[in-house]
file query39.cif (mmCIF, C-alpha atoms)
data_my_file
#
loop_
_atom_site.group_PDB
_atom_site.id
_atom_site.type_symbol
_atom_site.label_atom_id
_atom_site.label_comp_id
_atom_site.auth_asym_id
_atom_site.auth_seq_id
_atom_site.Cartn_x
_atom_site.Cartn_y
_atom_site.Cartn_z
ATOM 1 C CA MET A 32 70.884 149.408 128.689
ATOM 2 C CA ARG A 33 70.958 148.571 124.997
ATOM 3 C CA ALA A 34 74.744 149.014 124.842
ATOM 4 C CA ALA A 35 75.212 146.667 127.833
ATOM 5 C CA ALA A 36 73.011 144.017 126.215
ATOM 6 C CA ARG A 37 74.996 144.169 122.958
ATOM 7 C CA GLN A 38 78.292 143.729 124.877
ATOM 8 C CA ALA A 39 76.862 140.735 126.747
ATOM 9 C CA ARG A 40 75.807 139.107 123.477
ATOM 10 C CA ARG A 41 79.299 139.646 121.984
ATOM 11 C CA ARG A 42 80.953 138.011 125.022
ATOM 12 C CA CYS A 43 78.680 134.961 124.795
ATOM 13 C CA TRP A 44 79.222 134.528 121.065
ATOM 14 C CA SER A 45 83.036 134.818 121.345
ATOM 15 C CA ARG A 46 83.118 132.143 124.078
ATOM 16 C CA GLY A 47 81.210 129.633 121.935
ATOM 17 C CA ARG A 48 78.096 129.730 124.157
ATOM 18 C CA PRO A 49 74.691 130.937 123.104
ATOM 19 C CA GLY A 50 73.872 134.196 124.745
ATOM 20 C CA PRO A 51 70.647 136.115 124.455
ATOM 21 C CA PHE A 52 69.125 134.757 121.264
ATOM 22 C CA ARG A 53 69.084 136.723 118.049
ATOM 23 C CA ALA A 54 67.646 135.504 114.786
ATOM 24 C CA PRO A 55 70.277 134.764 112.132
ATOM 25 C CA ARG A 56 70.794 137.438 109.564
ATOM 26 C CA SER A 57 71.039 136.958 105.838
ATOM 27 C CA GLY A 58 74.742 136.716 105.030
ATOM 28 C CA ASP A 59 75.789 134.863 108.248
ATOM 29 C CA SER A 60 77.678 131.608 107.992
ATOM 30 C CA TYR A 61 78.899 129.279 110.684
ATOM 31 C CA CYS A 62 82.342 127.910 111.307
ATOM 32 C CA GLY A 63 83.262 125.402 113.982
ATOM 33 C CA GLY A 64 86.586 125.175 115.703
ATOM 34 C CA GLY A 65 86.049 127.565 118.626
ATOM 35 C CA ARG A 66 85.806 126.494 122.237
ATOM 36 C CA GLY A 67 82.707 124.454 122.995
ATOM 37 C CA ASP A 68 80.454 122.760 120.510
ATOM 38 C CA ARG A 69 78.667 125.873 119.327
ATOM 39 C CA ALA A 70 79.540 127.583 116.106
ATOM 40 C CA THR A 71 80.371 131.261 115.630
ATOM 41 C CA PRO A 72 78.409 133.331 113.124
ATOM 42 C CA ARG A 73 80.357 134.919 110.317
ATOM 43 C CA ARG A 74 79.236 137.343 107.704
ATOM 44 C CA GLY A 75 79.435 136.418 104.039
ATOM 45 C CA THR A 76 77.184 133.434 103.228
ATOM 46 C CA ALA A 77 73.433 133.050 103.558
ATOM 47 C CA THR A 78 72.362 130.472 106.158
ATOM 48 C CA GLY A 79 68.762 129.791 105.244
ATOM 49 C CA PRO A 80 65.371 131.314 104.674
ATOM 50 C CA PRO A 81 64.896 134.776 106.163
ATOM 51 C CA GLY A 82 63.078 134.691 109.486
ATOM 52 C CA GLU A 83 64.313 131.237 110.513
ATOM 53 C CA THR A 84 64.517 131.163 114.329
ATOM 54 C CA ALA A 85 66.090 127.745 115.053
ATOM 55 C CA TRP A 86 69.800 127.536 115.829
ATOM 56 C CA PRO A 87 71.460 126.830 112.444
ATOM 57 C CA ARG A 88 73.334 123.535 112.163
ATOM 58 C CA PRO A 89 77.084 124.297 112.328
ATOM 59 C CA ARG A 90 79.335 123.193 109.525
ATOM 60 C CA CYS A 91 83.100 122.987 109.211
ATOM 61 C CA CYS A 92 85.368 125.439 107.484
ATOM 62 C CA PRO A 93 86.340 124.228 103.988
ATOM 63 C CA ALA A 94 90.026 124.545 104.869
ATOM 64 C CA ALA A 95 89.643 122.491 108.055
ATOM 65 C CA CYS A 96 87.713 119.717 106.303
ATOM 66 C CA ALA A 97 89.675 119.612 103.058
ATOM 67 C CA PRO A 98 90.470 115.976 102.194
ATOM 68 C CA SER A 99 94.076 114.972 102.685
ATOM 69 C CA SER A 100 96.131 113.751 99.786
ATOM 70 C CA ALA A 101 95.922 110.047 98.952
ATOM 71 C CA PRO A 102 98.395 107.880 100.883
ATOM 72 C CA SER A 103 101.374 106.590 98.966
ATOM 73 C CA ALA A 104 101.941 102.911 98.251
ATOM 74 C CA ALA A 105 104.941 102.974 100.573
ATOM 75 C CA SER A 106 102.824 104.220 103.507
ATOM 76 C CA LEU A 107 100.148 101.594 102.830
ATOM 77 C CA CYS A 108 102.669 98.737 102.498
ATOM 78 C CA PRO A 109 105.857 99.822 104.294
ATOM 79 C CA GLY A 110 107.230 96.250 104.270
ATOM 80 C CA MET A 111 106.744 95.624 100.550
ATOM 81 C CA PRO A 112 110.046 94.879 98.710
ATOM 82 C CA PRO A 113 110.932 96.995 95.672
ATOM 83 C CA ASN A 114 110.238 95.845 92.132
ATOM 84 C CA LEU A 115 113.578 95.347 90.345
ATOM 85 C CA THR A 116 112.179 95.105 86.814
ATOM 86 C CA GLY A 117 114.359 96.994 84.350
ATOM 87 C CA TYR A 118 117.398 97.030 82.112
ATOM 88 C CA TYR A 119 120.670 98.099 83.748
ATOM 89 C CA ARG A 120 123.951 99.183 82.140
ATOM 90 C CA PHE A 121 127.316 98.349 83.692
ATOM 91 C CA VAL A 122 128.974 101.222 85.567
ATOM 92 C CA SER A 123 131.810 99.816 87.695
ATOM 93 C CA GLN A 124 133.176 96.837 89.596
ATOM 94 C CA GLU A 125 135.707 96.128 92.354
ATOM 95 C CA ASN A 126 137.784 93.039 93.221
ATOM 96 C CA MET A 127 136.516 90.801 90.424
ATOM 97 C CA ASP A 128 139.884 89.058 89.929
ATOM 98 C CA ASN A 129 140.152 87.909 93.551
ATOM 99 C CA TYR A 130 136.531 86.791 93.568
ATOM 100 C CA LEU A 131 137.126 84.598 90.490
ATOM 101 C CA ARG A 132 140.315 83.234 92.016
ATOM 102 C CA ALA A 133 138.318 82.091 95.055
ATOM 103 C CA LEU A 134 136.133 80.118 92.605
ATOM 104 C CA ASP A 135 139.277 78.455 91.130
ATOM 105 C CA ILE A 136 138.906 80.190 87.746
ATOM 106 C CA ASN A 137 142.145 80.012 85.758
ATOM 107 C CA VAL A 138 144.175 83.139 85.136
ATOM 108 C CA VAL A 139 143.393 83.413 81.410
ATOM 109 C CA LEU A 140 139.630 83.308 81.949
ATOM 110 C CA ARG A 141 139.912 85.686 84.903
ATOM 111 C CA LYS A 142 141.598 88.298 82.737
ATOM 112 C CA LEU A 143 138.940 87.910 80.082
ATOM 113 C CA VAL A 144 136.047 88.192 82.534
ATOM 114 C CA CYS A 145 137.579 91.276 84.151
ATOM 115 C CA LEU A 146 137.446 93.026 80.768
ATOM 116 C CA LEU A 147 133.731 92.348 80.304
ATOM 117 C CA LYS A 148 131.120 94.986 81.004
ATOM 118 C CA PRO A 149 127.939 93.004 81.636
ATOM 119 C CA ASP A 150 124.403 94.369 81.495
ATOM 120 C CA LYS A 151 121.543 93.147 83.690
ATOM 121 C CA GLU A 152 117.963 92.574 82.618
ATOM 122 C CA ILE A 153 115.474 91.756 85.378
ATOM 123 C CA ILE A 154 111.850 90.691 85.006
ATOM 124 C CA HIS A 155 110.170 90.774 88.404
ATOM 125 C CA THR A 156 106.554 89.584 88.624
ATOM 126 C CA GLY A 157 105.318 88.893 92.141
ATOM 127 C CA ASP A 158 107.482 86.119 93.595
ATOM 128 C CA HIS A 159 108.808 85.035 90.191
ATOM 129 C CA MET A 160 111.992 86.546 88.802
ATOM 130 C CA VAL A 161 114.209 86.195 85.746
ATOM 131 C CA ILE A 162 117.683 87.742 85.913
ATOM 132 C CA ARG A 163 119.772 87.815 82.724
ATOM 133 C CA THR A 164 123.444 88.713 82.842
ATOM 134 C CA ILE A 165 124.342 89.802 79.302
ATOM 135 C CA THR A 166 127.941 89.893 78.037
ATOM 136 C CA SER A 167 129.713 89.753 74.682
ATOM 137 C CA LEU A 168 131.094 86.329 75.693
ATOM 138 C CA ARG A 169 127.874 84.567 76.811
ATOM 139 C CA ASP A 170 124.648 85.212 78.696
ATOM 140 C CA TYR A 171 123.711 83.684 82.025
ATOM 141 C CA VAL A 172 120.023 83.360 83.008
ATOM 142 C CA MET A 173 118.549 82.733 86.469
ATOM 143 C CA ASP A 174 114.839 81.813 86.459
ATOM 144 C CA PHE A 175 113.430 81.195 89.955
ATOM 145 C CA ASP A 176 110.687 81.730 92.530
ATOM 146 C CA VAL A 177 111.605 83.738 95.618
ATOM 147 C CA GLY A 178 111.874 81.580 98.732
ATOM 148 C CA VAL A 179 111.974 78.252 96.829
ATOM 149 C CA GLN A 180 115.203 76.238 96.779
ATOM 150 C CA PHE A 181 116.360 74.903 93.401
ATOM 151 C CA GLU A 182 119.418 73.301 91.839
ATOM 152 C CA GLU A 183 121.477 75.912 90.014
ATOM 153 C CA ASP A 184 123.847 74.832 87.273
ATOM 154 C CA LEU A 185 126.825 77.202 87.380
ATOM 155 C CA GLY A 186 128.624 75.421 84.561
ATOM 156 C CA PRO A 187 129.066 78.642 82.538
ATOM 157 C CA VAL A 188 130.786 80.224 85.561
ATOM 158 C CA ASP A 189 132.928 77.587 87.258
ATOM 159 C CA GLY A 190 131.430 74.178 86.359
ATOM 160 C CA ARG A 191 129.743 73.618 89.725
ATOM 161 C CA LYS A 192 126.167 73.030 90.871
ATOM 162 C CA CYS A 193 124.609 74.604 93.954
ATOM 163 C CA GLN A 194 121.458 74.319 95.999
ATOM 164 C CA THR A 195 120.273 77.907 95.659
ATOM 165 C CA THR A 196 117.658 79.904 97.549
ATOM 166 C CA VAL A 197 116.800 83.537 96.821
ATOM 167 C CA SER A 198 114.831 85.541 99.396
ATOM 168 C CA TRP A 199 114.201 89.078 100.569
ATOM 169 C CA GLU A 200 115.984 90.633 103.532
ATOM 170 C CA GLY A 201 114.255 93.979 103.868
ATOM 171 C CA ASP A 202 114.706 95.717 100.516
ATOM 172 C CA GLN A 203 117.664 93.523 99.465
ATOM 173 C CA LEU A 204 117.361 90.415 97.287
ATOM 174 C CA VAL A 205 119.695 87.825 98.807
ATOM 175 C CA CYS A 206 120.932 84.616 97.180
ATOM 176 C CA GLU A 207 122.510 81.717 99.105
ATOM 177 C CA GLN A 208 124.371 79.167 96.965
ATOM 178 C CA LEU A 209 125.157 76.018 98.978
ATOM 179 C CA GLY A 210 127.881 73.824 97.493
ATOM 180 C CA GLU A 211 131.622 73.263 97.511
ATOM 181 C CA LYS A 212 132.538 76.868 98.159
ATOM 182 C CA ARG A 213 131.960 78.411 101.562
ATOM 183 C CA ASN A 214 130.050 81.699 101.867
ATOM 184 C CA ARG A 215 128.976 81.693 98.224
ATOM 185 C CA GLY A 216 126.114 83.955 97.194
ATOM 186 C CA TRP A 217 125.125 87.465 96.237
ATOM 187 C CA ARG A 218 122.725 90.279 97.034
ATOM 188 C CA HIS A 219 121.030 92.933 94.888
ATOM 189 C CA TRP A 220 119.637 96.255 96.072
ATOM 190 C CA LEU A 221 118.602 99.599 94.606
ATOM 191 C CA GLU A 222 119.922 103.057 95.439
ATOM 192 C CA GLY A 223 117.885 105.482 93.368
ATOM 193 C CA ASP A 224 118.250 104.362 89.740
ATOM 194 C CA GLN A 225 121.398 102.329 90.436
ATOM 195 C CA LEU A 226 121.381 98.570 90.951
ATOM 196 C CA HIS A 227 124.089 97.244 93.266
ATOM 197 C CA LEU A 228 125.393 93.666 93.272
ATOM 198 C CA ARG A 229 127.595 92.235 96.039
ATOM 199 C CA MET A 230 129.004 88.759 95.276
ATOM 200 C CA THR A 231 130.856 86.620 97.837
ATOM 201 C CA ALA A 232 132.896 83.412 97.700
ATOM 202 C CA GLU A 233 135.070 82.201 100.581
ATOM 203 C CA ASP A 234 136.521 85.442 102.013
ATOM 204 C CA GLU A 235 136.373 87.498 98.816
ATOM 205 C CA VAL A 236 133.813 90.173 97.967
ATOM 206 C CA CYS A 237 133.165 91.635 94.519
ATOM 207 C CA VAL A 238 130.903 94.671 94.069
ATOM 208 C CA GLN A 239 129.277 95.797 90.806
ATOM 209 C CA VAL A 240 127.136 98.845 90.087
ATOM 210 C CA PHE A 241 124.631 99.209 87.215
ATOM 211 C CA GLN A 242 122.621 102.200 86.004
ATOM 212 C CA LYS A 243 118.958 101.718 85.114
ATOM 213 C CA VAL A 244 118.275 102.808 81.522
ATOM 214 C CA LYS A 245 114.734 101.491 81.014
#
call {"tool": "encode", "arguments": {"input": "query39.cif", "output": "structure tokens"}}
result
Amino acid sequence: MRAAARQARRRCWSRGRPGPFRAPRSGDSYCGGGRGDRATPRRGTATGPPGETAWPRPRCCPAACAPSSAPSAASLCPGMPPNLTGYYRFVSQENMDNYLRALDINVVLRKLVCLLKPDKEIIHTGDHMVIRTITSLRDYVMDFDVGVQFEEDLGPVDGRKCQTTVSWEGDQLVCEQLGEKRNRGWRHWLEGDQLHLRMTAEDEVCVQVFQKVK
């Protein structure tokens, strides 16, 4: 009879249902997660004062209730554009001569520009940006607010003026320069620690790559 009663109690406890009541023992602890809402007793941790007869309040396993790691900024703001602030060293370029030819730059100046290895310095604060192109010949500075059209004086480049708007397209910073030349503009984007620049004028495309150094 006693053996049958013990087996019945074990079956009820394992199914998450209270069977014939027994008072909790010193050293029992309770861990949720079984079937049903009841908790299963486990040896190892005291549950309360000896002789307590009420059903102990179940509590979760530490592993099951461990707090998850803090969410990253990217998961909180998946649509936020990257911050381009930094100083970038020149790495490579392609098709610069044809790009300058599309802007009517004379052959002597084209050859000189193709020998330059410009650096880029970008200060990016909210919607305000300053982009400095630094060369041994001269520097060119763009100071603008993203999404706001302004008149850009491109005298140091080809003597023209454009109505320029810079905006974000996903994670790429895109510049549209409206003026005499069709399809004029550029776009910046990051790939790891490398800054890419794609410049267009008419049907020509020039690509430059810079390495972030600070």
call {"tool": "residues_around", "arguments": {"input": "query39.cif", "residues": "A:Cys145", "least_positions_apart": "2", "cutoff": "12 Å", "atoms": "only C-alpha atoms", "output": "list in words"}}
result
Ser123, Gln124, Glu125, Asn126, Met127, Asp128, Asn129, Tyr130, Leu131, Arg132, Ile136, Val138, Val139, Leu140, Arg141, Lys142, Leu143, Leu147, Lys148, Pro149, Thr166, Leu168, Cys237 and Gln239 of chain A
call {"tool": "resolve_selection", "arguments": {"input": "query39.cif", "expression": "the PyMOL selection byres ((chain A and resi 151) around 8)", "output": "list in words"}}
result
Tyr118, Tyr119, Arg120, Phe121, Pro149, Asp150, Glu152, Ile153, Ile162, Arg163, Thr164, Ile165 and Phe241 of chain A
call {"tool": "closest_residue", "arguments": {"input": "query39.cif", "among": "A:Gly210, A:Gly110, A:Gly117, A:Gly157", "to": "A:Asp184", "atoms": "all atoms listed in the file"}}
result
A:Gly210
call {"tool": "closest_atom_pairs", "arguments": {"input": "query39.cif", "of": "stretch 117-197 of chain A", "to": "stretch 211-230 of chain A", "cutoff": "9 Å", "atoms": "all atoms listed in the file", "output": "JSON lines"}}
result
{"residue": "A:Tyr119", "atom": "CA", "partner": "A:Leu226", "partner_atom": "CA", "distance": 7.3}
{"residue": "A:Tyr130", "atom": "CA", "partner": "A:Met230", "partner_atom": "CA", "distance": 8.0}
{"residue": "A:Ala133", "atom": "CA", "partner": "A:Lys212", "partner_atom": "CA", "distance": 8.4}
{"residue": "A:Leu134", "atom": "CA", "partner": "A:Lys212", "partner_atom": "CA", "distance": 7.4}
{"residue": "A:Arg191", "atom": "CA", "partner": "A:Glu211", "partner_atom": "CA", "distance": 8.0}
{"residue": "A:Lys192", "atom": "CA", "partner": "A:Glu211", "partner_atom": "CA", "distance": 8.6}
{"residue": "A:Cys193", "atom": "CA", "partner": "A:Glu211", "partner_atom": "CA", "distance": 8.0}
{"residue": "A:Thr195", "atom": "CA", "partner": "A:Gly216", "partner_atom": "CA", "distance": 8.5}
{"residue": "A:Val197", "atom": "CA", "partner": "A:Arg218", "partner_atom": "CA", "distance": 9.0}
call {"tool": "atom_distance", "arguments": {"input": "query39.cif", "atom1": "atom CA of A:Trp199", "atom2": "atom CA of A:Gly186"}}
result
25.5 Å
call {"tool": "atom_distance", "arguments": {"input": "query39.cif", "atom1": "atom CA of A:Asn114", "atom2": "atom CA of A:Ser198"}}
result
13.4 Å
call {"tool": "atom_distance", "arguments": {"input": "query39.cif", "atom1": "atom CA of A:Val177", "atom2": "atom CA of A:Gly201"}}
result
13.4 Å
call {"tool": "resolve_selection", "arguments": {"input": "query39.cif", "expression": "the PyMOL selection byres ((chain A and resi 174) around 9)", "output": "CSV table (one decimal) with C-alpha atoms, in the coordinates of the input"}}
result
chain,number,residue,atom,x,y,z
A,159,HIS,CA,108.8,85.0,90.2
A,160,MET,CA,112.0,86.5,88.8
A,161,VAL,CA,114.2,86.2,85.7
A,162,ILE,CA,117.7,87.7,85.9
A,163,ARG,CA,119.8,87.8,82.7
A,172,VAL,CA,120.0,83.4,83.0
A,173,MET,CA,118.5,82.7,86.5
A,175,PHE,CA,113.4,81.2,90.0
A,176,ASP,CA,110.7,81.7,92.5
call {"tool": "closest_residue", "arguments": {"input": "query39.cif", "among": "A:Gln242, A:Thr116, A:Gln194, A:Gln203", "to": "A:Ile154", "atoms": "all atoms listed in the file"}}
result
A:Thr116
call {"tool": "closest_residue", "arguments": {"input": "query39.cif", "among": "A:Asp135, A:Glu207, A:Glu233, A:Asp158", "to": "A:Glu182", "atoms": "only C-alpha atoms"}}
result
A:Glu207
call {"tool": "axis_aligned_box", "arguments": {"input": "query39.cif", "around": "stretch 146-149 of chain A", "padding_each_side": "5 Å", "output": "AutoDock Vina command-line options"}}
result
--center_x 132.7 --center_y 93.7 --center_z 81.0 --size_x 19.5 --size_y 12.6 --size_z 11.3
